[in-house]
>>> print(open('coords.txt').read())   # compact mmCIF, C-alpha atoms and all ligand atoms
# COMPACT_ATOMS: atom_id res chain seq x y z
CA MET A 1445 172.11 94.17 -2.08
CA ARG A 1446 168.82 92.41 -2.02
CA VAL A 1447 169.92 90.67 1.18
CA LEU A 1448 170.84 93.96 2.75
CA HIS A 1449 167.56 95.37 1.68
CA PHE A 1450 165.82 92.37 3.14
CA LEU A 1451 167.72 92.84 6.42
CA VAL A 1452 166.85 96.48 6.53
CA VAL A 1453 163.22 95.60 5.95
CA VAL A 1454 163.35 92.90 8.61
CA LEU A 1455 165.12 95.12 11.04
CA SER A 1456 162.82 97.98 10.42
CA GLY A 1457 159.95 95.51 10.65
CA LEU A 1458 161.33 94.38 13.98
CA ALA A 1459 161.77 97.95 15.11
CA ALA A 1460 158.24 98.70 14.03
CA ALA A 1461 156.94 95.63 15.85
CA GLN A 1462 158.90 96.63 18.90
CA GLN A 1463 157.53 100.13 18.70
CA GLN A 1464 154.02 98.80 18.34
CA ALA A 1465 154.43 96.58 21.33
CA LEU A 1466 155.72 99.52 23.30
CA MET A 1467 152.80 101.61 22.18
CA ASP A 1468 150.36 98.84 23.08
CA TYR A 1469 151.95 98.52 26.48
CA LEU A 1470 151.78 102.26 27.13
CA GLU A 1471 148.19 102.33 25.97
CA ARG A 1472 147.24 99.51 28.36
CA ARG A 1473 148.92 101.31 31.25
CA LEU A 1474 147.16 104.52 30.38
CA LEU A 1475 143.83 102.71 30.23
CA ALA A 1476 144.49 101.13 33.59
CA ILE A 1477 145.41 104.50 35.06
CA GLU A 1478 142.32 106.04 33.49
CA ASP A 1479 140.21 103.27 35.00
CA ARG A 1480 141.66 103.95 38.41
CA ILE A 1481 141.24 107.66 38.00
CA SER A 1482 137.61 107.23 37.07
CA LEU A 1483 137.17 104.87 40.00
CA TRP A 1484 138.68 107.48 42.34
CA HIS A 1485 136.53 110.09 40.77
CA GLU A 1486 133.44 108.00 41.28
CA GLN A 1487 134.39 107.29 44.90
CA THR A 1488 135.14 110.91 45.70
CA SER A 1489 131.91 112.10 44.21
CA ARG A 1490 130.07 109.42 46.19
CA TYR A 1491 131.85 110.54 49.36
CA ALA A 1492 131.10 114.13 48.50
CA SER A 1493 127.41 113.44 48.03
CA GLU A 1494 127.31 111.38 51.21
CA LEU A 1495 128.98 114.22 53.02
CA ARG A 1496 126.45 116.65 51.58
CA GLU A 1497 123.57 114.43 52.68
CA PHE A 1498 125.04 114.11 56.15
CA LYS A 1499 125.46 117.87 56.37
CA GLN A 1500 121.85 118.37 55.34
CA GLN A 1501 120.68 115.94 57.99
CA MET A 1502 122.77 117.70 60.61
CA VAL A 1503 121.39 121.07 59.61
CA ALA A 1504 117.84 119.74 59.80
CA GLN A 1505 118.50 118.25 63.23
CA LEU A 1506 120.09 121.44 64.48
CA ASP A 1507 117.03 123.33 63.26
CA GLY A 1508 114.83 120.91 65.19
CA LEU A 1509 116.94 121.36 68.31
CA ASP A 1510 116.72 125.10 67.95
CA LYS A 1511 112.95 124.87 67.70
CA ASN A 1512 112.79 122.60 70.79
CA LYS A 1513 114.98 125.01 72.70
CA GLU A 1514 112.70 127.85 71.71
CA ALA A 1515 109.61 125.91 72.85
CA LEU A 1516 111.34 124.97 76.12
CA ARG A 1517 112.32 128.56 76.74
CA SER A 1518 108.79 129.84 76.17
CA GLU A 1519 107.41 127.08 78.43
CA LEU A 1520 109.88 128.06 81.13
CA ASP A 1521 108.85 131.68 80.71
CA ALA A 1522 105.20 130.68 81.16
CA VAL A 1523 106.04 128.65 84.28
CA GLY A 1524 108.01 131.59 85.61
CA VAL A 1525 105.06 133.90 85.11
CA ARG A 1526 102.80 131.41 86.89
CA MET A 1527 105.27 131.04 89.79
CA ASP A 1528 105.38 134.81 90.11
CA ARG A 1529 101.60 134.90 90.26
CA VAL A 1530 101.43 132.12 92.89
CA GLU A 1531 104.08 133.92 94.89
CA ARG A 1532 102.17 137.17 94.70
CA GLU A 1533 98.99 135.37 95.76
CA MET A 1534 100.83 133.76 98.68
CA ASP A 1535 102.18 137.14 99.71
CA TYR A 1536 98.71 138.58 99.49
CA LEU A 1537 97.24 135.75 101.58
CA GLU A 1538 100.02 136.09 104.09
CA ALA A 1539 99.41 139.81 104.35
CA GLN A 1540 95.70 139.09 104.82
CA ASN A 1541 96.15 136.38 107.40
CA GLY A 1542 99.17 137.42 109.38
CA ALA A 1543 102.48 135.68 109.60
CA GLN A 1544 102.78 131.98 108.84
CA PRO A 1545 104.60 129.70 111.16
CA CYS A 1546 108.20 129.14 110.35
CA VAL A 1547 108.34 125.37 110.46
CA ASP A 1548 111.29 123.10 110.29
CA VAL A 1549 111.24 119.40 110.79
CA ASP A 1550 112.88 118.68 114.07
CA ASP A 1551 114.57 115.31 114.19
CA LYS A 1552 115.56 115.74 117.79
CA LEU A 1553 111.98 116.30 118.90
CA VAL A 1554 111.35 112.84 120.28
CA GLU A 1555 114.73 112.64 121.93
CA GLN A 1556 114.20 116.04 123.51
CA GLN A 1557 110.77 115.18 124.81
CA VAL A 1558 112.02 113.14 127.72
CA THR A 1559 114.33 115.86 128.98
CA VAL A 1560 111.75 118.54 128.27
CA ALA A 1561 109.20 116.60 130.29
CA LYS A 1562 111.62 116.29 133.20
CA GLU A 1563 112.42 120.00 133.16
CA ARG A 1564 108.79 121.00 132.88
CA ASN A 1565 107.89 118.80 135.80
CA LYS A 1566 109.97 120.96 138.07
CA ALA A 1567 108.27 124.03 136.65
CA LYS A 1568 104.81 122.55 136.93
CA TYR A 1569 103.82 123.94 140.27
CA SER A 1570 104.56 127.54 139.34
CA LYS A 1571 102.82 126.97 136.02
CA LEU A 1572 99.62 125.91 137.75
CA THR A 1573 99.49 129.07 139.78
CA ASP A 1574 100.80 131.35 137.08
CA CYS A 1575 99.63 129.89 133.81
CA SER A 1576 99.80 132.73 131.35
CA ASP A 1577 101.19 131.17 128.17
CA MET A 1578 99.58 131.48 124.79
CA ILE A 1579 100.57 130.02 121.43
CA SER A 1580 102.60 132.23 119.14
CA SER A 1581 103.48 129.77 116.38
CA ILE A 1582 104.20 126.17 115.45
CA LYS A 1583 107.92 125.73 115.79
CA ALA A 1584 108.47 122.24 114.40
CA MET A 1585 106.68 119.15 113.25
CA LYS A 1586 107.59 115.50 113.15
CA ILE A 1587 105.75 112.74 111.34
CA LEU A 1588 106.38 109.66 113.43
CA LYS A 1589 104.48 106.82 111.89
CA ARG A 1590 101.35 105.65 110.11
CA VAL A 1591 99.21 103.08 111.85
CA GLY A 1592 95.51 102.69 111.46
CA GLY A 1593 92.77 104.27 109.46
CA SER A 1594 91.93 107.79 108.38
CA LYS A 1595 90.31 108.70 111.71
CA GLY A 1596 91.62 108.12 115.17
CA MET A 1597 93.45 109.64 118.09
CA TRP A 1598 96.81 109.18 119.76
CA THR A 1599 98.00 110.71 122.97
CA LYS A 1600 100.43 110.58 125.82
CA ASP A 1601 99.19 110.40 129.41
CA MET A 1602 98.69 114.17 129.65
CA GLY A 1603 98.56 114.33 133.44
CA SER A 1604 101.67 112.34 134.36
CA SER A 1605 105.24 112.09 133.19
CA SER A 1606 105.03 108.30 132.74
CA GLY A 1607 105.67 108.81 129.02
CA LYS A 1608 103.12 106.14 128.06
CA ILE A 1609 101.49 106.43 124.65
CA TYR A 1610 97.96 105.35 123.72
CA ILE A 1611 96.62 104.62 120.24
CA PHE A 1612 92.88 104.80 119.52
CA ASN A 1613 92.29 103.60 115.97
CA GLY A 1614 88.86 104.42 114.51
CA THR A 1615 85.81 106.25 115.82
CA GLY A 1616 83.83 103.48 117.52
CA GLU A 1617 86.15 100.72 118.75
CA ASP A 1618 86.68 99.16 122.17
CA MET A 1619 90.34 98.14 122.02
CA LEU A 1620 93.28 100.49 122.35
CA TYR A 1621 97.06 100.01 122.35
CA GLU A 1622 99.44 101.16 125.06
CA PHE A 1623 103.19 101.72 124.48
CA GLY A 1624 105.82 102.44 127.14
CA SER A 1625 107.15 105.48 125.28
CA VAL A 1626 107.08 107.30 121.96
CA ARG A 1627 110.29 105.44 121.06
CA ASP A 1628 108.66 102.06 121.77
CA PHE A 1629 105.80 103.09 119.52
CA THR A 1630 107.94 104.29 116.61
CA SER A 1631 110.32 101.35 116.74
CA SER A 1632 107.64 98.65 116.78
CA GLN A 1633 106.14 97.07 113.69
CA GLY A 1634 102.64 98.61 113.38
CA THR A 1635 100.92 98.15 116.72
CA SER A 1636 102.53 94.76 117.39
CA GLY A 1637 104.76 96.02 120.23
CA GLY A 1638 101.86 97.53 122.16
CA THR A 1639 99.77 96.17 125.00
CA ARG A 1640 96.13 95.70 124.06
CA ILE A 1641 93.64 97.23 126.45
CA GLN A 1642 90.06 96.07 126.17
CA LEU A 1643 87.32 98.49 127.25
CA PRO A 1644 83.92 97.38 128.55
CA SER A 1645 82.20 99.59 125.96
CA SER A 1646 83.13 101.26 122.66
CA TRP A 1647 84.22 104.84 122.51
CA GLY A 1648 82.47 107.33 120.22
CA GLY A 1649 84.37 109.88 118.13
CA MET A 1650 87.91 111.06 118.82
CA GLY A 1651 87.45 113.18 121.94
CA HIS A 1652 89.04 110.93 124.58
CA VAL A 1653 91.81 111.97 126.94
CA VAL A 1654 94.29 110.05 129.09
CA TYR A 1655 95.01 111.86 132.33
CA ASN A 1656 96.83 110.51 135.38
CA ASN A 1657 96.51 106.84 134.38
CA HIS A 1658 92.81 107.21 133.66
CA LEU A 1659 91.10 107.20 130.31
CA TYR A 1660 88.16 109.57 130.01
CA TYR A 1661 85.96 108.80 127.04
CA VAL A 1662 82.47 109.24 125.70
CA LYS A 1663 80.64 105.96 125.40
CA ASP A 1664 79.33 105.21 121.92
CA GLY A 1665 75.53 105.26 121.84
CA GLU A 1666 72.38 107.35 122.10
CA GLU A 1667 73.09 108.87 125.50
CA LEU A 1668 76.35 110.80 125.89
CA ARG A 1669 77.89 109.18 128.93
CA LEU A 1670 81.34 110.12 130.20
CA MET A 1671 83.37 107.11 131.25
CA LYS A 1672 86.39 107.14 133.54
CA PHE A 1673 88.46 104.01 133.07
CA ASP A 1674 91.37 103.09 135.35
CA LEU A 1675 94.14 102.01 132.97
CA LEU A 1676 96.28 100.42 135.70
CA LYS A 1677 93.51 98.29 137.18
CA GLY A 1678 91.57 97.78 133.95
CA LEU A 1679 88.28 98.80 135.59
CA VAL A 1680 85.63 101.46 135.11
CA ALA A 1681 86.24 103.91 137.96
CA ASP A 1682 83.23 106.12 137.40
CA SER A 1683 80.74 107.27 134.80
CA ALA A 1684 78.29 110.16 134.45
CA VAL A 1685 75.78 111.49 131.95
CA PHE A 1686 77.10 114.70 130.44
CA PRO A 1687 74.76 117.43 131.73
CA ALA A 1688 73.83 119.10 128.44
CA LYS A 1689 70.65 118.71 126.40
CA ASP A 1690 70.35 118.13 122.65
CA GLN A 1691 74.01 117.81 121.88
CA LEU A 1692 75.46 118.21 118.40
CA PRO A 1693 78.75 117.14 116.83
CA VAL A 1694 81.15 119.81 118.01
CA TYR A 1695 83.23 120.14 114.79
CA SER A 1696 81.52 120.13 111.40
CA LEU A 1697 84.54 118.49 109.70
CA ASN A 1698 84.70 115.61 112.22
CA PRO A 1699 81.04 114.84 112.95
CA GLU A 1700 81.85 111.66 114.94
CA THR A 1701 83.01 113.71 117.94
CA TYR A 1702 80.27 115.10 120.20
CA ILE A 1703 82.39 115.91 123.24
CA ASP A 1704 86.10 116.62 122.87
CA LEU A 1705 87.88 116.18 126.19
CA ALA A 1706 91.10 118.12 126.66
CA ALA A 1707 93.80 118.45 129.29
CA ASP A 1708 95.81 121.57 129.98
CA GLU A 1709 97.95 123.06 132.75
CA GLU A 1710 94.81 123.65 134.83
CA GLY A 1711 93.02 120.32 134.47
CA LEU A 1712 90.29 118.77 132.37
CA TRP A 1713 87.99 120.47 129.90
CA ALA A 1714 85.11 119.44 127.64
CA ILE A 1715 84.54 121.12 124.27
CA TYR A 1716 81.03 120.44 122.99
CA ALA A 1717 77.95 121.89 121.23
CA THR A 1718 74.18 121.94 121.76
CA LYS A 1719 71.12 122.82 119.67
CA GLU A 1720 70.41 125.80 121.89
CA ASN A 1721 73.55 127.57 120.63
CA GLU A 1722 74.00 125.52 117.51
CA LYS A 1723 76.41 127.78 115.63
CA HIS A 1724 79.10 127.93 118.31
CA VAL A 1725 81.48 125.80 120.30
CA LEU A 1726 80.87 125.55 124.07
CA LEU A 1727 83.43 124.96 126.80
CA ALA A 1728 83.14 123.36 130.24
CA LYS A 1729 85.61 122.71 133.07
CA VAL A 1730 85.40 119.10 134.26
CA ASP A 1731 86.46 117.80 137.68
CA PRO A 1732 88.71 114.79 136.90
CA GLN A 1733 87.85 113.19 140.27
CA THR A 1734 84.06 113.30 140.16
CA LEU A 1735 83.33 114.06 136.47
CA ALA A 1736 81.21 116.99 137.68
CA ILE A 1737 81.01 120.09 135.49
CA GLU A 1738 82.43 123.06 137.39
CA GLN A 1739 81.63 125.86 134.98
CA MET A 1740 80.41 126.38 131.39
CA TRP A 1741 81.16 129.06 128.79
CA ASP A 1742 79.76 130.05 125.39
CA THR A 1743 82.58 130.81 122.98
CA PRO A 1744 82.43 133.02 119.88
CA CYS A 1745 84.01 130.20 117.83
CA PRO A 1746 81.87 128.75 115.03
CA ARG A 1747 81.41 124.99 114.63
CA GLU A 1748 81.29 125.34 110.85
CA ASN A 1749 84.55 124.18 109.19
CA ALA A 1750 86.10 123.41 112.57
CA GLU A 1751 88.16 120.18 112.61
CA ALA A 1752 89.53 120.09 116.16
CA ALA A 1753 90.32 122.20 119.21
CA PHE A 1754 92.47 122.07 122.33
CA VAL A 1755 92.98 124.07 125.50
CA VAL A 1756 96.24 125.72 126.60
CA CYS A 1757 96.34 127.65 129.90
CA GLY A 1758 92.58 128.11 129.99
CA THR A 1759 92.36 129.30 126.39
CA VAL A 1760 90.56 127.17 123.83
CA TYR A 1761 92.10 127.22 120.33
CA VAL A 1762 89.74 126.11 117.56
CA VAL A 1763 91.36 124.76 114.39
CA TYR A 1764 89.63 125.22 111.02
CA ASN A 1765 90.04 123.69 107.60
CA SER A 1766 87.84 123.25 104.54
CA ARG A 1767 85.95 120.30 103.11
CA LEU A 1768 88.59 119.98 100.42
CA PRO A 1769 91.53 119.74 102.82
CA SER A 1770 93.79 122.77 102.72
CA ARG A 1771 95.98 124.18 105.47
CA SER A 1772 94.70 123.80 109.02
CA ARG A 1773 94.80 127.01 111.01
CA ILE A 1774 93.91 128.26 114.48
CA GLN A 1775 91.39 130.92 113.60
CA CYS A 1776 89.38 131.39 116.76
CA VAL A 1777 90.41 131.53 120.39
CA PHE A 1778 88.50 131.96 123.62
CA ASP A 1779 90.21 132.62 126.94
CA VAL A 1780 88.24 131.95 130.14
CA SER A 1781 90.39 134.55 131.92
CA ASP A 1782 89.61 137.14 129.20
CA MET A 1783 93.27 137.97 128.71
CA VAL A 1784 93.44 136.75 125.10
CA THR A 1785 90.86 137.95 122.60
CA ASN A 1786 90.38 136.99 118.98
CA ASP A 1787 91.73 140.36 117.91
CA ASP A 1788 95.14 140.01 119.48
CA ALA A 1789 95.63 136.27 118.82
CA PRO A 1790 97.53 135.70 115.56
CA ILE A 1791 96.17 133.20 113.06
CA VAL A 1792 98.50 130.23 113.37
CA TYR A 1793 98.92 128.00 110.32
CA PHE A 1794 99.83 124.33 110.48
CA PRO A 1795 102.26 123.03 107.87
CA LYS A 1796 100.44 121.37 104.97
CA ARG A 1797 99.78 117.71 105.61
CA TYR A 1798 97.91 114.83 104.00
CA GLY A 1799 94.34 115.67 104.87
CA THR A 1800 92.58 117.14 107.87
CA HIS A 1801 93.32 116.43 111.50
CA SER A 1802 90.87 114.05 113.09
CA SER A 1803 92.27 114.91 116.52
CA LEU A 1804 94.73 117.32 118.14
CA LYS A 1805 95.73 116.67 121.76
CA TYR A 1806 97.78 119.15 123.75
CA SER A 1807 100.41 117.87 126.16
CA PRO A 1808 100.90 120.52 128.87
CA LEU A 1809 104.08 118.88 130.16
CA GLU A 1810 105.81 119.06 126.77
CA GLN A 1811 103.93 121.80 124.93
CA LEU A 1812 103.44 119.41 122.06
CA LEU A 1813 100.34 118.62 120.03
CA TYR A 1814 99.67 114.95 119.31
CA ALA A 1815 97.91 114.91 115.94
CA TRP A 1816 96.24 112.18 113.89
CA ASP A 1817 96.11 113.06 110.22
CA ASP A 1818 94.77 110.42 107.84
CA GLY A 1819 96.36 107.60 109.86
CA TYR A 1820 99.67 109.45 110.38
CA GLN A 1821 100.83 110.18 113.93
CA ILE A 1822 102.36 113.65 113.99
CA LEU A 1823 103.88 115.83 116.71
CA TYR A 1824 103.79 119.61 116.56
CA LYS A 1825 106.05 121.64 118.81
CA LEU A 1826 104.41 124.87 119.95
CA GLN A 1827 106.16 128.17 120.40
CA MET A 1828 104.67 130.02 123.35
CA LYS A 1829 104.64 133.59 124.54
CA LYS A 1830 103.12 135.34 127.55
CA LYS A 1831 99.47 136.31 127.29
CA LEU A 1832 100.11 139.85 128.54
CA GLU A 1833 102.78 140.52 125.94
CA VAL A 1834 100.34 140.72 123.04
C1 LIG A 1901 92.61 100.60 112.13
O1 LIG A 1901 91.29 100.73 111.65
C2 LIG A 1901 91.14 100.50 110.28
C3 LIG A 1901 89.71 100.79 109.92
O2 LIG A 1901 89.27 101.98 110.48
C4 LIG A 1901 91.54 99.07 109.97
O3 LIG A 1901 91.47 98.87 108.58
C5 LIG A 1901 92.96 98.82 110.44
O4 LIG A 1901 93.29 97.47 110.28
C6 LIG A 1901 93.11 99.19 111.91
N1 LIG A 1901 94.52 99.10 112.26
C7 LIG A 1901 94.95 98.61 113.43
C8 LIG A 1901 96.43 98.59 113.59
O5 LIG A 1901 94.22 98.24 114.31
>>> encode(input="coords.txt", output="structure tokens")
Amino acid sequence: MRVLHFLVVVLSGLAAAQQQALMDYLERRLLAIEDRISLWHEQTSRYASELREFKQQMVAQLDGLDKNKEALRSELDAVGVRMDRVEREMDYLEAQNGAQPCVDVDDKLVEQQVTVAKERNKAKYSKLTDCSDMISSIKAMKILKRVGGSKGMWTKDMGSSSGKIYIFNGTGEDMLYEFGSVRDFTSSQGTSGGTRIQLPSSWGGMGHVVYNNHLYYVKDGEELRLMKFDLLKGLVADSAVFPAKDQLPVYSLNPETYIDLAADEEGLWAIYATKENEKHVLLAKVDPQTLAIEQMWDTPCPRENAEAAFVVCGTVYVVYNSRLPSRSRIQCVFDVSDMVTNDDAPIVYFPKRYGTHSSLKYSPLEQLLYAWDDGYQILYKLQMKKKLEV
């Protein structure tokens, strides 16, 4: 009995021990699970707070973007208002000053020149007897190159169809460059491809002209002496004192030029100024053979703010600008045949360029202007109309 009792006790003790072990085991598992749960919990709450932070940052950034967008929009609005105002001002100016030239850059200009020159040659004779063209607008421009300093002159031989190009860099030099054609000039490095021509005396200003293989220029110095230089022989062919007293610079914006020589369909002209009529530009017809002055005219065109002038079919066109360079414009004309008056000539605007023109030379065979603007060599193609059609 005692043994049985003992066994029961042992067995129950064993069962109890087994139970305890089971309990311990379950408790350990539960603790482990609890640990993991709390770890998950911790991690999720960390993720959650990170997510919250991130969201806050995003919201703040979006706010900032919104503000930037707002600022940008109001800036754009302000620019728009300003553009409107500028446009209105332009319209007003246009209405005040007549139509502006419709200018496009013509890439074919140089290529066309040769054929144009050939065609015009045929028409030259009738032109001489019936020269009645006037400028209506500037049709195209082409910037060819930049050689040389701010002031100078470039030109074709205006009296022949040789196509030769001459470069006069500066306002008081004695060496010029000759090129066989515009293409030779544009394709050469600087002036390296040109032939140097040495003159016996320096030129003054930018008023020279090349006409039928002769260079006509005003000699630099006290006395205004016209020189005629034979470019083929390299010799002075003739010279004469210009028969005007007390001469003044003819254009207030280019004071280096006293006499501006010009060629047109009818021959050679001199544009100049004297103290006697100091406010206005004067015009004279020059005999290219003898350098004699055939006739002189007073023009109504002021010297003040003039930068250059040229003659087309017996009409002198004076180009004005301002001391702070703005857009050059033909604002005064004088026709020796009295067919064009200032009232019926439209104001012709040049496209905006770098500065002011130091010279503008008209080529009657091509109806082009050879312009020097702050060292740039530019061609302007003129649109013509008949004088009587105005
Ligand atoms: C043109 O003249 C300017 C000064 O007026 C000078 O600096 C420049 O070297 C000259 N250029 C050429 C090609 O002769």
>>> residues_around(input="coords.txt", residues="Ser1636 (chain A)", least_positions_apart="4", cutoff="12 Å", atoms="all atoms listed in the file", output="PDB file with C-alpha atoms, in the coordinates of the input")
ATOM      1  CA  VAL A1591      99.210 103.080 111.850  1.00  0.00           C
ATOM      2  CA  ILE A1611      96.620 104.620 120.240  1.00  0.00           C
ATOM      3  CA  LEU A1620      93.280 100.490 122.350  1.00  0.00           C
ATOM      4  CA  TYR A1621      97.060 100.010 122.350  1.00  0.00           C
ATOM      5  CA  GLU A1622      99.440 101.160 125.060  1.00  0.00           C
ATOM      6  CA  PHE A1623     103.190 101.720 124.480  1.00  0.00           C
ATOM      7  CA  ASP A1628     108.660 102.060 121.770  1.00  0.00           C
ATOM      8  CA  PHE A1629     105.800 103.090 119.520  1.00  0.00           C
ATOM      9  CA  THR A1630     107.940 104.290 116.610  1.00  0.00           C
ATOM     10  CA  SER A1631     110.320 101.350 116.740  1.00  0.00           C
ATOM     11  CA  SER A1632     107.640  98.650 116.780  1.00  0.00           C
ATOM     12  CA  ARG A1640      96.130  95.700 124.060  1.00  0.00           C
TER      13      ARG A1640
END
>>> closest_residue(input="coords.txt", among="A:Gln1811, A:Thr1759, A:Ser1646, A:Asn1613", to="ligand LIG 1901 (chain A)", atoms="all atoms listed in the file")
A:Asn1613
>>> closest_residue(input="coords.txt", among="A:Gly1457, A:Gly1603, A:Gly1616, A:Gly1651", to="ligand LIG 1901 (chain A)", atoms="all atoms listed in the file")
A:Gly1616
>>> residues_near_point(input="coords.txt", point="(80.1, 105.7, 119.5)", cutoff="12 Å", atoms="all atoms listed in the file", output="PyMOL selection string")
chain A and resi 1614-1618+1645-1652+1661-1670+1693+1699-1703
>>> write_last_selection(input="coords.txt", atoms="C-alpha atoms", output="CSV table (one decimal), keeping the file's coordinate frame")
chain,number,residue,atom,x,y,z
A,1614,GLY,CA,88.9,104.4,114.5
A,1615,THR,CA,85.8,106.2,115.8
A,1616,GLY,CA,83.8,103.5,117.5
A,1617,GLU,CA,86.2,100.7,118.8
A,1618,ASP,CA,86.7,99.2,122.2
A,1645,SER,CA,82.2,99.6,126.0
A,1646,SER,CA,83.1,101.3,122.7
A,1647,TRP,CA,84.2,104.8,122.5
A,1648,GLY,CA,82.5,107.3,120.2
A,1649,GLY,CA,84.4,109.9,118.1
A,1650,MET,CA,87.9,111.1,118.8
A,1651,GLY,CA,87.4,113.2,121.9
A,1652,HIS,CA,89.0,110.9,124.6
A,1661,TYR,CA,86.0,108.8,127.0
A,1662,VAL,CA,82.5,109.2,125.7
A,1663,LYS,CA,80.6,106.0,125.4
A,1664,ASP,CA,79.3,105.2,121.9
A,1665,GLY,CA,75.5,105.3,121.8
A,1666,GLU,CA,72.4,107.4,122.1
A,1667,GLU,CA,73.1,108.9,125.5
A,1668,LEU,CA,76.4,110.8,125.9
A,1669,ARG,CA,77.9,109.2,128.9
A,1670,LEU,CA,81.3,110.1,130.2
A,1693,PRO,CA,78.8,117.1,116.8
A,1699,PRO,CA,81.0,114.8,113.0
A,1700,GLU,CA,81.8,111.7,114.9
A,1701,THR,CA,83.0,113.7,117.9
A,1702,TYR,CA,80.3,115.1,120.2
A,1703,ILE,CA,82.4,115.9,123.2
>>> atom_distance(input="coords.txt", atom1="CA of Phe1612 (chain A)", atom2="CA of Val1755 (chain A)")
20.2 Å
>>> atom_distance(input="coords.txt", atom1="CA of Trp1741 (chain A)", atom2="CA of Ala1728 (chain A)")
6.2 Å
>>> closest_residue(input="coords.txt", among="A:Lys1719, A:Ser1581, A:Asn1698, A:Met1828", to="Ser1594 (chain A)", atoms="only C-alpha atoms")
A:Asn1698
>>> residues_near_point(input="coords.txt", point="(97.0, 111.3, 117.0)", cutoff="6 Å", atoms="all atoms listed in the file", output="ChimeraX atom specification")
/A:1597-1598,1803,1814-1816,1821
>>> residues_around(input="coords.txt", residues="Leu1826 (chain A)", least_positions_apart="4", cutoff="10 Å", atoms="all atoms listed in the file", output="NGL selection string")
:A and (1578-1585 or 1806 or 1810-1813)
>>> closest_residue(input="coords.txt", among="A:Gly1819, A:Pro1732, A:Gly1799, A:Pro1808", to="ligand LIG 1901 (chain A)", atoms="only C-alpha atoms and all ligand atoms")
A:Gly1819
>>> residues_around(input="coords.txt", residues="Ala1706 (chain A)", least_positions_apart="4", cutoff="10 Å", atoms="all atoms listed in the file", output="number ranges by chain")
A: 1602, 1651-1655, 1660, 1711-1715, 1729-1730, 1753-1756, 1760, 1804-1807
>>> closest_residue(input="coords.txt", among="A:Leu1675, A:Met1619, A:Leu1735, A:Leu1692", to="ligand LIG 1901 (chain A)", atoms="all atoms listed in the file")
A:Met1619
>>> axis_aligned_box(input="coords.txt", around="region 1694-1703 of chain A", padding_each_side="3 Å", output="lines of an AutoDock Vina configuration file")
center_x = 82.5
center_y = 115.9
center_z = 116.5
size_x = 10.4
size_y = 14.5
size_z = 19.5
>>> atom_distance(input="coords.txt", atom1="CA of Lys1829 (chain A)", atom2="CA of Val1792 (chain A)")
13.2 Å
>>> closest_residue(input="coords.txt", among="A:Gln1462, A:Gln1633, A:Ser1493, A:Gln1500", to="ligand LIG 1901 (chain A)", atoms="all atoms listed in the file")
A:Gln1633
>>> build_atoms(input="coords.txt", residues="region 1762-1773 of chain A", atoms="N, CA and C atoms", output="compact mmCIF listing (two decimals), in the coordinates of the input")
# COMPACT_ATOMS: atom_id res chain seq x y z
N VAL A 1762 90.52 126.91 118.49
CA VAL A 1762 89.74 126.11 117.56
C VAL A 1762 90.44 126.13 116.19
N VAL A 1763 90.61 124.93 115.64
CA VAL A 1763 91.36 124.76 114.39
C VAL A 1763 90.38 124.52 113.24
N TYR A 1764 90.55 125.29 112.17
CA TYR A 1764 89.63 125.22 111.02
C TYR A 1764 90.35 124.71 109.79
N ASN A 1765 89.54 124.16 108.89
CA ASN A 1765 90.04 123.69 107.60
C ASN A 1765 88.91 123.86 106.61
N SER A 1766 88.96 123.21 105.47
CA SER A 1766 87.84 123.25 104.54
C SER A 1766 87.52 121.84 104.12
N ARG A 1767 86.36 121.66 103.47
CA ARG A 1767 85.95 120.30 103.11
C ARG A 1767 86.94 119.66 102.17
N LEU A 1768 87.44 120.45 101.21
CA LEU A 1768 88.59 119.98 100.42
C LEU A 1768 89.80 120.37 101.24
N PRO A 1769 90.50 119.39 101.85
CA PRO A 1769 91.53 119.74 102.82
C PRO A 1769 92.54 120.75 102.30
N SER A 1770 92.70 121.84 103.05
CA SER A 1770 93.79 122.77 102.72
C SER A 1770 94.65 122.90 103.97
N ARG A 1771 95.12 124.09 104.29
CA ARG A 1771 95.98 124.18 105.47
C ARG A 1771 95.17 124.43 106.71
N SER A 1772 95.37 123.60 107.74
CA SER A 1772 94.70 123.80 109.02
C SER A 1772 95.24 125.07 109.65
N ARG A 1773 94.35 125.78 110.36
CA ARG A 1773 94.80 127.01 111.01
C ARG A 1773 93.99 127.26 112.27
